[in-house]
Every structure is written in structure tokens, then in C-alpha cells.
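Participant: Contents of model-v7.tsv (TSV, C-alpha atoms and all ligand atoms) are below:
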chain	number	residue	atom	x	y	z
A	330	MET	CA	17.96	12.30	-17.08
A	331	ASP	CA	16.14	10.39	-14.35
A	332	ILE	CA	12.50	11.23	-13.81
A	333	ILE	CA	11.86	11.13	-10.07
A	334	ILE	CA	8.33	11.70	-8.80
A	335	LEU	CA	7.33	12.08	-5.16
A	336	GLY	CA	3.70	10.99	-4.67
A	337	ILE	CA	1.53	12.10	-1.75
A	338	GLU	CA	-1.78	10.50	-0.77
A	339	SER	CA	-4.03	11.92	1.97
A	340	SER	CA	-7.59	11.44	0.72
A	341	CYS	CA	-8.97	9.43	3.65
A	342	ASP	CA	-7.35	7.87	6.70
A	343	ASP	CA	-3.92	6.82	5.39
A	344	THR	CA	-1.04	9.27	5.07
A	345	SER	CA	1.29	7.96	2.40
A	346	ALA	CA	4.34	9.11	0.43
A	347	ALA	CA	6.20	7.25	-2.30
A	348	VAL	CA	9.03	7.73	-4.75
A	349	ILE	CA	8.86	6.50	-8.35
A	350	LYS	CA	12.07	6.69	-10.37
A	351	ASN	CA	11.77	6.15	-14.13
A	352	GLY	CA	8.49	4.31	-13.62
A	353	LYS	CA	9.72	1.95	-10.86
A	354	VAL	CA	8.80	2.05	-7.16
A	355	TYR	CA	11.73	3.01	-4.93
A	356	SER	CA	9.71	3.53	-1.76
A	357	ASN	CA	6.13	3.49	-0.52
A	358	ARG	CA	5.49	4.50	3.10
A	359	VAL	CA	2.03	4.39	4.66
A	360	ALA	CA	1.01	5.67	8.10
A	361	ASN	CA	-2.37	4.25	9.13
A	362	GLN	CA	-4.61	6.14	11.52
A	363	ASP	CA	-5.79	3.95	14.40
A	364	VAL	CA	-7.59	6.90	15.97
A	365	HIS	CA	-10.84	6.12	14.04
A	366	LYS	CA	-11.26	2.51	15.24
A	367	GLU	CA	-13.30	3.37	18.32
A	368	TYR	CA	-15.74	5.54	16.30
A	369	GLY	CA	-16.83	2.87	13.81
A	370	GLY	CA	-15.80	4.98	10.80
A	371	VAL	CA	-13.43	7.71	9.68
A	372	VAL	CA	-13.88	10.99	11.60
A	373	PRO	CA	-12.92	13.72	9.07
A	374	GLU	CA	-11.56	16.23	11.61
A	375	LEU	CA	-9.37	13.59	13.29
A	376	ALA	CA	-8.15	12.37	9.89
A	377	SER	CA	-7.08	15.85	8.92
A	378	ARG	CA	-5.22	16.36	12.22
A	379	ALA	CA	-3.47	12.98	11.92
A	380	HIS	CA	-2.37	13.79	8.34
A	381	GLN	CA	-0.81	17.03	9.63
A	382	GLN	CA	1.14	15.06	12.22
A	383	ASN	CA	2.18	12.29	9.83
A	384	ILE	CA	3.00	14.03	6.59
A	385	VAL	CA	6.49	15.36	7.35
A	386	PRO	CA	7.87	12.10	8.83
A	387	VAL	CA	6.19	9.98	6.13
A	388	VAL	CA	7.63	12.06	3.26
A	389	ASP	CA	11.00	12.12	4.96
A	390	SER	CA	10.95	8.34	5.34
A	391	ALA	CA	9.88	7.82	1.70
A	392	LEU	CA	12.77	9.95	0.44
A	393	LYS	CA	15.31	8.26	2.75
A	394	THR	CA	14.13	4.75	1.85
A	395	ALA	CA	14.40	5.61	-1.85
A	396	GLY	CA	17.86	7.13	-1.34
A	397	VAL	CA	16.66	10.33	-3.00
A	398	THR	CA	17.05	13.96	-1.88
A	399	LYS	CA	14.48	16.74	-2.31
A	400	GLU	CA	16.90	18.41	-4.71
A	401	GLU	CA	16.67	15.43	-7.10
A	402	LEU	CA	12.86	15.45	-7.45
A	403	SER	CA	11.46	16.16	-10.93
A	404	ALA	CA	7.88	16.83	-9.75
A	405	ILE	CA	5.44	16.21	-6.91
A	406	ALA	CA	2.17	14.37	-7.52
A	407	PHE	CA	-0.67	14.69	-5.00
A	408	THR	CA	-4.21	13.33	-4.63
A	409	ARG	CA	-6.57	16.15	-5.56
A	410	GLY	CA	-9.77	14.16	-4.97
A	411	PRO	CA	-12.18	12.57	-4.40
A	412	GLY	CA	-11.89	12.24	-0.63
A	413	LEU	CA	-12.34	14.15	2.61
A	414	MET	CA	-11.78	17.86	2.01
A	415	GLY	CA	-9.81	18.51	5.20
A	416	ALA	CA	-7.62	15.46	4.56
A	417	LEU	CA	-6.99	16.36	0.89
A	418	LEU	CA	-6.02	19.92	1.86
A	419	VAL	CA	-3.13	18.63	3.98
A	420	GLY	CA	-1.52	16.67	1.12
A	421	THR	CA	-2.30	19.31	-1.50
A	422	SER	CA	-0.86	22.17	0.58
A	423	PHE	CA	2.23	20.17	1.48
A	424	ALA	CA	2.86	19.24	-2.17
A	425	LYS	CA	2.48	22.86	-3.29
A	426	GLY	CA	4.76	24.18	-0.53
A	427	LEU	CA	7.53	21.69	-1.21
A	428	ALA	CA	7.30	22.08	-5.00
A	429	LEU	CA	7.37	25.86	-4.71
A	430	SER	CA	10.48	25.73	-2.55
A	431	ARG	CA	12.19	23.50	-5.13
A	432	ASN	CA	10.75	25.31	-8.16
A	433	ILE	CA	9.44	22.04	-9.69
A	434	PRO	CA	6.01	21.24	-11.18
A	435	ILE	CA	3.06	19.79	-9.28
A	436	ILE	CA	0.80	17.10	-10.75
A	437	ASP	CA	-2.79	16.64	-9.60
A	438	VAL	CA	-3.99	13.04	-9.46
A	439	ASN	CA	-7.52	11.64	-9.30
A	440	HIS	CA	-7.52	8.98	-6.57
A	441	LEU	CA	-9.63	6.57	-8.66
A	442	HIS	CA	-7.38	6.98	-11.68
A	443	ALA	CA	-4.46	6.09	-9.40
A	444	HIS	CA	-6.17	2.92	-8.12
A	445	ILE	CA	-6.65	1.86	-11.75
A	446	LEU	CA	-2.95	2.32	-12.52
A	447	SER	CA	-1.87	0.32	-9.44
A	448	VAL	CA	-1.52	-2.76	-11.71
A	449	PHE	CA	1.44	-0.99	-13.38
A	450	LEU	CA	3.43	-0.71	-10.15
A	451	GLN	CA	6.62	-2.69	-9.96
A	452	GLU	CA	9.97	-2.37	-8.28
A	453	GLU	CA	13.40	-2.02	-9.87
A	454	GLY	CA	14.42	-5.39	-11.38
A	455	GLU	CA	10.84	-6.68	-11.54
A	456	SER	CA	9.18	-7.27	-14.90
A	457	LYS	CA	5.60	-8.35	-14.46
A	458	ALA	CA	3.01	-8.65	-17.20
A	459	MET	CA	1.24	-5.35	-17.86
A	460	PRO	CA	-2.21	-5.19	-19.45
A	461	PRO	CA	-2.34	-4.09	-23.10
A	462	PHE	CA	-4.81	-1.33	-24.04
A	463	PRO	CA	-7.76	-1.47	-24.16
A	464	TYR	CA	-8.45	-3.61	-21.12
A	465	LEU	CA	-11.22	-3.77	-18.49
A	466	THR	CA	-10.91	-2.81	-14.84
A	467	LEU	CA	-13.29	-3.61	-12.02
A	468	LEU	CA	-12.62	-0.73	-9.63
A	469	VAL	CA	-13.87	-1.58	-6.15
A	470	SER	CA	-13.11	0.78	-3.26
A	471	GLY	CA	-14.76	2.14	-0.14
A	472	GLY	CA	-16.57	4.85	-2.08
A	473	HIS	CA	-16.79	3.60	-5.68
A	474	THR	CA	-17.66	0.53	-7.74
A	475	GLN	CA	-17.17	0.85	-11.48
A	476	ILE	CA	-16.35	-1.18	-14.56
A	477	LEU	CA	-14.15	0.77	-16.97
A	478	ILE	CA	-12.55	0.33	-20.35
A	479	ILE	CA	-8.97	1.55	-19.90
A	480	LYS	CA	-7.90	3.07	-23.22
A	481	ASP	CA	-4.41	4.21	-22.25
A	482	HIS	CA	-2.62	5.35	-19.10
A	483	LEU	CA	-4.59	8.59	-19.01
A	484	HIS	CA	-7.95	7.79	-20.61
A	485	SER	CA	-10.80	5.51	-19.61
A	486	GLU	CA	-14.54	5.11	-20.06
A	487	ILE	CA	-16.95	4.06	-17.32
A	488	ILE	CA	-19.33	1.40	-18.68
A	489	GLY	CA	-21.00	0.40	-15.41
A	490	GLN	CA	-21.22	1.67	-11.85
A	491	THR	CA	-23.11	1.33	-8.61
A	492	MET	CA	-26.43	3.12	-8.20
A	493	ASP	CA	-26.11	3.21	-4.40
A	494	ASP	CA	-23.50	1.67	-2.05
A	495	ALA	CA	-19.98	0.78	-3.15
A	496	ALA	CA	-18.70	-2.80	-2.74
A	497	GLY	CA	-16.40	-1.67	0.10
A	498	GLU	CA	-19.36	-0.05	1.86
A	499	ALA	CA	-21.30	-3.30	1.50
A	500	PHE	CA	-18.45	-5.16	3.25
A	501	ASP	CA	-18.11	-2.50	5.94
A	502	LYS	CA	-21.84	-2.12	6.64
A	503	CYS	CA	-22.42	-5.89	6.84
A	504	ALA	CA	-19.44	-6.14	9.18
A	505	LYS	CA	-20.86	-3.35	11.32
A	506	VAL	CA	-24.22	-5.09	11.83
A	507	MET	CA	-22.23	-8.18	12.89
A	508	GLY	CA	-20.55	-6.01	15.54
A	509	LEU	CA	-17.14	-6.01	13.84
A	510	PRO	CA	-14.97	-2.85	14.05
A	511	TYR	CA	-14.28	-0.48	11.12
A	512	PRO	CA	-13.09	-1.20	8.47
A	513	GLY	CA	-14.90	-4.52	8.40
A	514	GLY	CA	-13.89	-5.65	4.90
A	515	PRO	CA	-10.51	-7.15	5.89
A	516	LEU	CA	-12.13	-8.88	8.92
A	517	ILE	CA	-14.88	-10.47	6.82
A	518	ASP	CA	-12.09	-11.69	4.51
A	519	LYS	CA	-10.19	-13.16	7.47
A	520	TYR	CA	-13.16	-15.02	9.03
A	521	ALA	CA	-14.46	-16.11	5.60
A	522	LYS	CA	-11.33	-18.23	5.12
A	523	GLU	CA	-12.58	-20.62	7.85
A	524	GLY	CA	-16.21	-20.71	6.71
A	525	ASN	CA	-18.49	-22.39	4.16
A	526	PRO	CA	-19.73	-19.86	1.57
A	527	GLU	CA	-22.79	-21.97	0.72
A	528	THR	CA	-24.26	-21.93	4.26
A	529	PHE	CA	-26.51	-18.86	3.86
A	530	GLN	CA	-28.08	-17.31	0.76
A	531	PHE	CA	-28.92	-13.64	0.28
A	532	SER	CA	-31.05	-11.85	-2.28
A	533	LYS	CA	-29.35	-10.79	-5.53
A	534	PRO	CA	-30.13	-7.44	-7.14
A	535	ASN	CA	-31.76	-7.27	-10.55
A	536	ILE	CA	-30.19	-4.17	-12.11
A	537	PRO	CA	-30.08	-3.54	-15.86
A	538	HIS	CA	-26.97	-3.03	-17.98
A	539	LEU	CA	-23.55	-3.19	-16.32
A	540	ASP	CA	-24.63	-1.27	-13.22
A	541	TYR	CA	-24.56	-2.44	-9.63
A	542	SER	CA	-26.63	-2.09	-6.48
A	543	PHE	CA	-25.65	-3.25	-3.01
A	544	SER	CA	-28.29	-1.61	-0.82
A	545	GLY	CA	-30.73	-4.54	-1.19
A	546	LEU	CA	-28.10	-7.04	-0.11
A	547	LYS	CA	-27.28	-4.93	2.92
A	548	THR	CA	-30.97	-4.77	3.95
A	549	SER	CA	-31.51	-8.49	3.36
A	550	PHE	CA	-28.42	-9.22	5.49
A	551	LEU	CA	-29.71	-6.94	8.25
A	552	TYR	CA	-33.13	-8.70	8.38
A	553	PHE	CA	-31.49	-12.12	8.18
A	554	LEU	CA	-29.31	-11.37	11.21
A	555	ARG	CA	-32.18	-9.79	13.14
A	556	ASP	CA	-34.34	-12.91	12.67
A	557	ARG	CA	-31.55	-15.35	13.50
A	558	ILE	CA	-30.49	-13.40	16.59
A	559	LYS	CA	-34.10	-13.45	17.83
A	560	ALA	CA	-33.94	-17.25	17.81
A	561	ASP	CA	-30.34	-17.46	19.09
A	562	PRO	CA	-28.75	-14.41	20.74
A	563	ASP	CA	-25.28	-15.91	20.12
A	564	PHE	CA	-25.95	-16.57	16.43
A	565	VAL	CA	-23.17	-14.28	15.16
A	566	GLU	CA	-20.60	-15.54	17.64
A	567	ASN	CA	-21.46	-19.18	16.88
A	568	ASN	CA	-21.48	-18.84	13.09
A	569	LYS	CA	-19.03	-16.04	12.29
A	570	PRO	CA	-16.92	-17.85	9.65
A	571	ASP	CA	-19.97	-19.20	7.76
A	572	ILE	CA	-21.76	-15.84	7.86
A	573	CYS	CA	-18.63	-14.03	6.62
A	574	ALA	CA	-17.93	-16.60	3.89
A	575	SER	CA	-21.56	-16.42	2.71
A	576	ILE	CA	-21.85	-12.63	2.60
A	577	GLN	CA	-18.42	-12.35	0.94
A	578	LYS	CA	-19.46	-14.85	-1.73
A	579	SER	CA	-22.68	-12.92	-2.39
A	580	ILE	CA	-20.77	-9.65	-2.91
A	581	ILE	CA	-18.22	-11.37	-5.17
A	582	ASP	CA	-20.99	-13.10	-7.19
A	583	ILE	CA	-22.64	-9.72	-7.82
A	584	LEU	CA	-19.31	-8.14	-8.83
A	585	MET	CA	-18.30	-11.01	-11.11
A	586	ASP	CA	-21.68	-11.38	-12.90
A	587	LYS	CA	-21.41	-7.88	-14.38
A	588	LEU	CA	-17.70	-8.21	-15.06
A	589	VAL	CA	-18.38	-11.35	-17.13
A	590	GLN	CA	-21.14	-9.48	-19.01
A	591	ALA	CA	-18.78	-6.56	-19.60
A	592	SER	CA	-16.20	-8.87	-21.12
A	593	GLN	CA	-18.82	-10.54	-23.32
A	594	GLN	CA	-20.24	-7.19	-24.50
A	595	THR	CA	-16.89	-5.56	-25.26
A	596	GLY	CA	-15.05	-8.67	-26.42
A	597	ILE	CA	-12.15	-7.66	-24.15
A	598	HIS	CA	-10.36	-10.52	-22.37
A	599	HIS	CA	-7.69	-8.61	-20.50
A	600	ILE	CA	-9.25	-7.97	-17.11
A	601	ALA	CA	-7.91	-6.17	-14.03
A	602	ILE	CA	-9.21	-5.42	-10.56
A	603	ALA	CA	-8.18	-2.45	-8.41
A	604	GLY	CA	-9.18	-0.52	-5.27
A	605	GLY	CA	-9.32	-1.52	-1.59
A	606	VAL	CA	-11.72	-4.43	-2.14
A	607	SER	CA	-9.26	-5.94	-4.66
A	608	ALA	CA	-7.24	-6.84	-1.54
A	609	ASN	CA	-10.00	-9.38	-0.77
A	610	SER	CA	-8.58	-12.89	-1.07
A	611	GLY	CA	-11.91	-14.33	-2.22
A	612	LEU	CA	-12.20	-11.82	-5.07
A	613	ARG	CA	-8.55	-12.30	-6.06
A	614	ASN	CA	-8.97	-16.09	-6.21
A	615	ARG	CA	-12.26	-15.83	-8.04
A	616	LEU	CA	-10.81	-13.55	-10.73
A	617	VAL	CA	-8.04	-16.08	-11.34
A	618	THR	CA	-10.37	-19.11	-11.56
A	619	GLU	CA	-12.95	-17.24	-13.65
A	620	GLY	CA	-10.13	-16.04	-15.87
A	621	GLN	CA	-8.78	-19.57	-16.35
A	622	ALA	CA	-12.25	-20.86	-17.21
A	623	ARG	CA	-12.94	-18.05	-19.70
A	624	GLY	CA	-9.52	-17.61	-21.28
A	625	TRP	CA	-8.94	-14.17	-19.76
A	626	GLN	CA	-5.59	-12.64	-18.96
A	627	THR	CA	-6.03	-11.25	-15.46
A	628	TYR	CA	-4.14	-8.48	-13.66
A	629	ILE	CA	-4.24	-7.99	-9.90
A	630	PRO	CA	-2.32	-5.26	-8.04
A	631	GLU	CA	0.13	-6.46	-5.42
A	632	PHE	CA	-1.65	-6.69	-2.07
A	633	LYS	CA	0.20	-3.65	-0.66
A	634	TYR	CA	-0.89	-1.55	-3.65
A	635	SER	CA	-4.56	-2.57	-3.48
A	636	THR	CA	-5.54	-0.32	-0.59
A	637	ASP	CA	-4.69	3.38	-0.40
A	638	ASN	CA	-1.02	4.14	-1.05
A	639	ALA	CA	1.09	6.89	-2.58
A	640	ALA	CA	2.94	4.66	-5.07
A	641	MET	CA	-0.21	4.64	-7.21
A	642	ILE	CA	-0.35	8.44	-6.98
A	643	ALA	CA	3.30	8.71	-8.00
A	644	ILE	CA	2.97	6.32	-10.98
A	645	THR	CA	-0.06	8.28	-12.23
A	646	GLY	CA	2.00	11.43	-11.76
A	647	TYR	CA	4.80	9.81	-13.76
A	648	TYR	CA	2.52	9.11	-16.76
A	649	LYS	CA	1.12	12.66	-16.58
A	650	TYR	CA	4.67	14.04	-16.32
A	651	LEU	CA	5.62	12.24	-19.54
A	652	ARG	CA	2.84	14.21	-21.26
A	653	ASN	CA	3.66	17.53	-19.55
A	654	ASP	CA	0.26	17.38	-17.85
A	655	PHE	CA	0.85	19.59	-14.80
A	656	ALA	CA	-1.39	21.29	-12.23
A	657	GLN	CA	-1.66	24.99	-11.41
A	658	TYR	CA	-0.93	26.37	-7.96
A	659	SER	CA	-4.48	27.75	-7.99
A	660	ASP	CA	-5.95	24.21	-8.33
A	661	THR	CA	-7.89	23.25	-5.21
A	662	PRO	CA	-8.91	19.77	-3.97
A	663	PHE	CA	-12.33	18.31	-4.80
A	664	ALA	CA	-14.23	16.12	-2.38
A	665	ARG	CA	-16.53	14.45	-4.90
A	666	ILE	CA	-15.81	12.80	-8.20
A	667	LYS	CA	-15.91	15.10	-11.21
A	668	ALA	CA	-15.71	14.43	-14.90
A	669	GLU	CA	-12.20	14.88	-16.27
B	701	LIG	O1	-9.42	1.92	-1.88
B	701	LIG	P1	-9.57	1.96	-0.42
B	701	LIG	O2	-8.38	1.62	0.44
B	701	LIG	O3	-10.06	3.39	0.00
B	701	LIG	C1	-10.97	4.10	-0.79
B	701	LIG	O4	-10.51	4.71	-1.78
B	701	LIG	O5	-12.18	4.00	-0.49
B	701	LIG	O6	-10.79	1.01	-0.06
B	701	LIG	C2	-11.22	0.85	1.25
B	701	LIG	C3	-12.29	-0.23	1.27
B	701	LIG	C4	-12.96	-0.38	2.61
B	701	LIG	O7	-14.34	-0.46	2.40
B	701	LIG	C5	-12.40	-1.70	3.12
B	701	LIG	O8	-13.27	-2.41	3.98
B	701	LIG	C6	-12.18	-2.44	1.82
B	701	LIG	O9	-11.68	-1.48	0.93
B	701	LIG	N1	-11.22	-3.55	1.98
B	701	LIG	C7	-11.57	-4.84	1.89
B	701	LIG	C8	-10.40	-5.59	2.13
B	701	LIG	N2	-9.37	-4.71	2.36
B	701	LIG	C9	-9.90	-3.47	2.26
B	701	LIG	N3	-12.75	-5.41	1.62
B	701	LIG	C10	-12.79	-6.75	1.59
B	701	LIG	N4	-11.71	-7.54	1.83
B	701	LIG	C11	-10.51	-7.01	2.09
B	701	LIG	N5	-9.45	-7.80	2.31
B	702	ZN	ZN	-8.75	4.35	-2.36
What is this structure when it is put down as C-alpha cells?

Facilitator:
Amino acid sequence: MDIIILGIESSCDDTSAAVIKNGKVYSNRVANQDVHKEYGGVVPELASRAHQQNIVPVVDSALKTAGVTKEELSAIAFTRGPGLMGALLVGTSFAKGLALSRNIPIIDVNHLHAHILSVFLQEEGESKAMPPFPYLTLLVSGGHTQILIIKDHLHSEIIGQTMDDAAGEAFDKCAKVMGLPYPGGPLIDKYAKEGNPETFQFSKPNIPHLDYSFSGLKTSFLYFLRDRIKADPDFVENNKPDICASIQKSIIDILMDKLVQASQQTGIHHIAIAGGVSANSGLRNRLVTEGQARGWQTYIPEFKYSTDNAAMIAITGYYKYLRNDFAQYSDTPFARIKAE
């Protein structure tokens, strides 16, 4: 019998629904929320309201695109956390309501776990190389930066993580001080393509083990801009590509240094990246070149599966479904990460 999972993602500012049939993506619909742009960040109350407006049409569209009816669903997977509580409640409640009406199981999914499994997403007819276990993942999102050993589809071990800001936050905060709108990561990526990454140098953190820190870089960038703007009020406007290329390179250097160490320490040469920052073209290129130089096999999620999407929720739900790992109706969302 076909295993058909509907996935629902509503942890932050994207409302998304996807259908996975027998482990392959049949649809993945994402409704972005433009409402936050003018506020310079995600406004939780507005996110929650937008999810309420979007969820029915987005789920409807995901089912129609996949050519699947509600009656055919085997289970519904939803993001339980981490994320914004009001936003998570919309997806969680919707998943429970629909599953109850169909009398099918619900599957709770950790958003970070789902990002990790985004490298396993492929459409019907596709057969891309999948990483063998154990492999390493550099997970880089708006809220988290971790290096993990992935032991199987459901088990992993964190071997390094950030002590302060996440890599995505570093991108967004640097973009903000340059006067770029939220989220700044994709814009830094865009301008960086035209710039010289060697133009400006920023301080590198000195953190032991496989851990990260980005707060020093952010402060050094802030002081650098303040000093340059004092001398030339149009400094940012006149040097945008070089500034973006330089700050992007600094963030990537920091990320890659520890990833190389992690590979050396564990002896693992199958290396993946995941999370919103894995959409960054500089990081994607760097992983490939570093991998070629070091004899790694590298795995990068398709661009559309790098940032928040429900296909990654549905594929995680699929692997949990195969192990009868279901949620209870009494399970409530969690805003912050918790040990599983
Ligand atoms: O995984 P994600 O979509 O949401 C969270 O789970 O946090 O990650 C969002 C983060 C934001 O900080 C955003 O600026 C960053 O990913 N991001 C990028 C790019 N696309 C998204 N950062 C750098 N370059 C990009 N192309
Ligand atoms: Zn995410």
C-alpha cells in the first residue's frame, strides 16, 4: 500500500504544505509572508495571523498538485518546534484537526531534524546520491548553527554548536547595519556575487573544540562600518558588493574551519550542509571546492529545500511513520529546542 504523508510547516514566517508518497516529493507549496519586511524582522503576532489565513489554501494546493485526496493520506506530519509559539500552534492545531477527522495518525517533527533530512528529498523518477550513515552535517539556519554526526534517519549527535548568534543571524544582523531589509542573508549573497571577497578583513573568533561564535564578527563589522561611514557617508552605497563579498567570506571561513576539523577528528568524509544558510551560493561553492580538495563526498539540499519548507517535514514524518513513531493528540508545540 502507498504511504502518503502530508507535511505542514509553520514554525516561523513561511506557511508550507507538502505531500510525500513512498518517500518521493509529489508537491511542496510555500506561502511567504511579506508583511514582516517593513518591520526589519518577523513579528510573531503577524506571523500567526498570516499562517491562519494561508494554511487552508496552501494545504489544498499541496494536495491538488500532488493529485492526492484527504481520504488517501496515511498520516499528517507537523512541525512541533522549535519556532514561534503562536505560529507553531496554527500548524499543530490544523494537523490534529484534519487527522482526527480522517482518523489517521499524527507525527511530530523537530524542525532542525527536518532540515537535516532535506538532503534526502527527491522527486519521482529522480535518483540522486544519498549520504551513507554515519555522515556529518553542518546545520546553518536563522536560529541554529551546529555540526552533527548523523547516525541514521532518526538519530544524530551534536558535536559542535554556536555559543551565541547563529550563522543566519550573523548574515541578517550584518545586513541590517548596512541598511538592507530583512532577511538580509539572501541580499548579501546577491551583492557578494559582484564583489571581491578579499577587500576587507574582519576578526576571526578563537573558540575551542568544534564550537562557533559569531557575536565578535558582528561587533567588528559594526565598528568597521561606523569608522568608514565617518570618513565617507556614502561608504556602504559605494562599496556594497565588496563589503558583502568580504563579510560573506568571513562567515563561510568560520563555518568551514570547524567543519574541516570535525571531519579530521571523526574521520568522516561524507559531508552535508542544511538549513536556510545552505542556500548561500558562496557556501555551496565552497563546500564543493573544499570537498574536491579533501576527497569528501558532499551533499547539498536542492535550493528550494534549503530554506523552510514542508517537504522536509513530510520526509521526516515518512521515516518516523516507517518506525511507527507517532505523536499523541495531547502533545503541544515547543518554542525552544529540547533534547529528544
Ligand atoms: O532555515 P531557515 O529558512 O529558517 C530557520 O529555521 O531559521 O533559515 C533562515 C536564515 C535567515 O537567517 C536567512 O537570512 C538565511 O537563512 N538565508 C541565507 C540565504 N538564504 C537564507 N543566508 C545567506 N545566504 C542566503 N542565500
Ligand atoms: Zn528552518

Participant: Determine, for each residue of chain A having at least one atom at most 7 Å from an atom of ligand LIG 701 (chain B), the closest pair of atoms and their separation in Å to one decimal, counting all atoms listed in the file; order by chain and ascending number, as a Markdown table.

Facilitator:
| residue | atom | partner | partner_atom | distance |
| --- | --- | --- | --- | --- |
| A:Ser470 | CA | B:LIG701 | O6 | 4.0 |
| A:Gly471 | CA | B:LIG701 | O5 | 3.2 |
| A:Gly472 | CA | B:LIG701 | O5 | 4.7 |
| A:His473 | CA | B:LIG701 | O5 | 7.0 |
| A:Gly497 | CA | B:LIG701 | O7 | 3.3 |
| A:Glu498 | CA | B:LIG701 | O7 | 5.1 |
| A:Phe500 | CA | B:LIG701 | O8 | 5.9 |
| A:Asp501 | CA | B:LIG701 | O8 | 5.2 |
| A:Pro512 | CA | B:LIG701 | O8 | 4.7 |
| A:Gly513 | CA | B:LIG701 | O8 | 5.2 |
| A:Gly514 | CA | B:LIG701 | O8 | 3.4 |
| A:Pro515 | CA | B:LIG701 | N5 | 3.8 |
| A:Ile517 | CA | B:LIG701 | N4 | 6.6 |
| A:Asp518 | CA | B:LIG701 | N4 | 5.0 |
| A:Gly604 | CA | B:LIG701 | O1 | 4.2 |
| A:Gly605 | CA | B:LIG701 | O6 | 3.3 |
| A:Val606 | CA | B:LIG701 | N3 | 4.0 |
| A:Ser607 | CA | B:LIG701 | C8 | 6.9 |
| A:Ala608 | CA | B:LIG701 | N5 | 4.5 |
| A:Asn609 | CA | B:LIG701 | N5 | 3.5 |
| A:Ser610 | CA | B:LIG701 | N5 | 6.2 |
| A:Ser635 | CA | B:LIG701 | O1 | 6.8 |
| A:Thr636 | CA | B:LIG701 | O2 | 3.6 |
| A:Asp637 | CA | B:LIG701 | O2 | 4.2 |

Participant: If we count all atoms listed in the file and set the cut-off at 9 Å, which residues sit around His599 in chain A, ignoring sequence neighbours fewer than 3 positions away in its own chain? Please answer as a PDB file with C-alpha atoms, keeping the file's coordinate frame.

Facilitator:
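What ended up in selection.pdb:
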ATOM      1  CA  PRO A 460      -2.210  -5.190 -19.450  1.00  0.00           C
ATOM      2  CA  PRO A 461      -2.340  -4.090 -23.100  1.00  0.00           C
ATOM      3  CA  PHE A 462      -4.810  -1.330 -24.040  1.00  0.00           C
ATOM      4  CA  PRO A 463      -7.760  -1.470 -24.160  1.00  0.00           C
ATOM      5  CA  TYR A 464      -8.450  -3.610 -21.120  1.00  0.00           C
ATOM      6  CA  LEU A 465     -11.220  -3.770 -18.490  1.00  0.00           C
ATOM      7  CA  THR A 466     -10.910  -2.810 -14.840  1.00  0.00           C
ATOM      8  CA  SER A 592     -16.200  -8.870 -21.120  1.00  0.00           C
ATOM      9  CA  TRP A 625      -8.940 -14.170 -19.760  1.00  0.00           C
ATOM     10  CA  GLN A 626      -5.590 -12.640 -18.960  1.00  0.00           C
ATOM     11  CA  THR A 627      -6.030 -11.250 -15.460  1.00  0.00           C
ATOM     12  CA  TYR A 628      -4.140  -8.480 -13.660  1.00  0.00           C
TER      13      TYR A 628
END

Participant: So the first atom is CA of Asp586 in chain A and the second is CA of Ala496 in chain A; what is the distance between them in Å, to one decimal place?

Facilitator: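 CA of Ala496 in chain A lies at a distance of 13.6 Å from CA of Asp586 in chain A.
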
Participant: Would you compute the distance between CA of Lys547 in chain A and CA of Cys503 in chain A? Give it in Å to one decimal.

Facilitator: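 Separating CA of Lys547 in chain A from CA of Cys503 in chain A is a distance of 6.3 Å.
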
Participant: Go through A:Glu374, A:Ile476, A:Ala391, A:His440 one by one, measure the shortest atom-to-atom distance of each to ligand ZN 702 (chain B) using only C-alpha atoms and all ligand atoms, and give the residue with the smallest value.

Facilitator: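 Smallest separation from ligand ZN 702 (chain B) among the options: A:His440.
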
Participant: Nearest to Ala499 in chain A: which of A:Ser579, A:Asn568, A:Ser390, A:Ala406 is it, counting only C-alpha atoms?

Facilitator: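 The shortest atom-to-atom distance to Ala499 in chain A comes from A:Ser579.
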
Participant: Show which residues sit within 6 Å of Ala521 in chain A, as a PyMOL selection string. Count all atoms listed in the file, and ignore same-chain residues fewer than 5 positions away.

Facilitator: chain A and resi 570+573-574

Participant: May I ask which of the residues A:Pro510, A:Met330, A:Arg615, A:Leu446 is the closest one to Asp363 in chain A, counting only C-alpha atoms?

Facilitator: A:Pro510

Participant: Ranking A:Ser532, A:Ser549, A:Gln621, A:Asn361 by minimum distance to Thr344 in chain A and counting only C-alpha atoms, which one comes first?

Facilitator: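 Selected residue with least distance to Thr344 in chain A: A:Asn361.
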
Participant: Rank nothing, just name the residue among A:Asn653, A:Gln362, A:Thr595, A:Asn357 nearest to Cys341 in chain A, using only C-alpha atoms.

Facilitator: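 Distance minimum relative to Cys341 in chain A lands on A:Gln362.
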
Participant: Find, counting all atoms listed in the file, the residue in A:Ile666, A:Val387, A:Ile572, A:Ala591 that gets nearest to Ile337 in chain A.

Facilitator: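 Ranking A:Ile666, A:Val387, A:Ile572, A:Ala591 by distance to Ile337 in chain A, first place goes to A:Val387.
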
Participant: Give me the box for range 557-564 of chain A as AutoDock Vina command-line options, namely the centre and edge lengths in Å to one decimal of a box along x, y and z that holds every listed atom plus 4 Å on each side.

Facilitator:
--center_x -29.7 --center_y -15.4 --center_z 17.1 --size_x 16.8 --size_y 12.1 --size_z 15.2

Participant: For Glu566 in chain A, find every residue with an atom within 12 Å (counting only C-alpha atoms), except residues of its own chain fewer than 4 positions away, and show them as number ranges by chain.

Facilitator: A: 507-509, 520, 554, 557-558, 561-562, 570-573
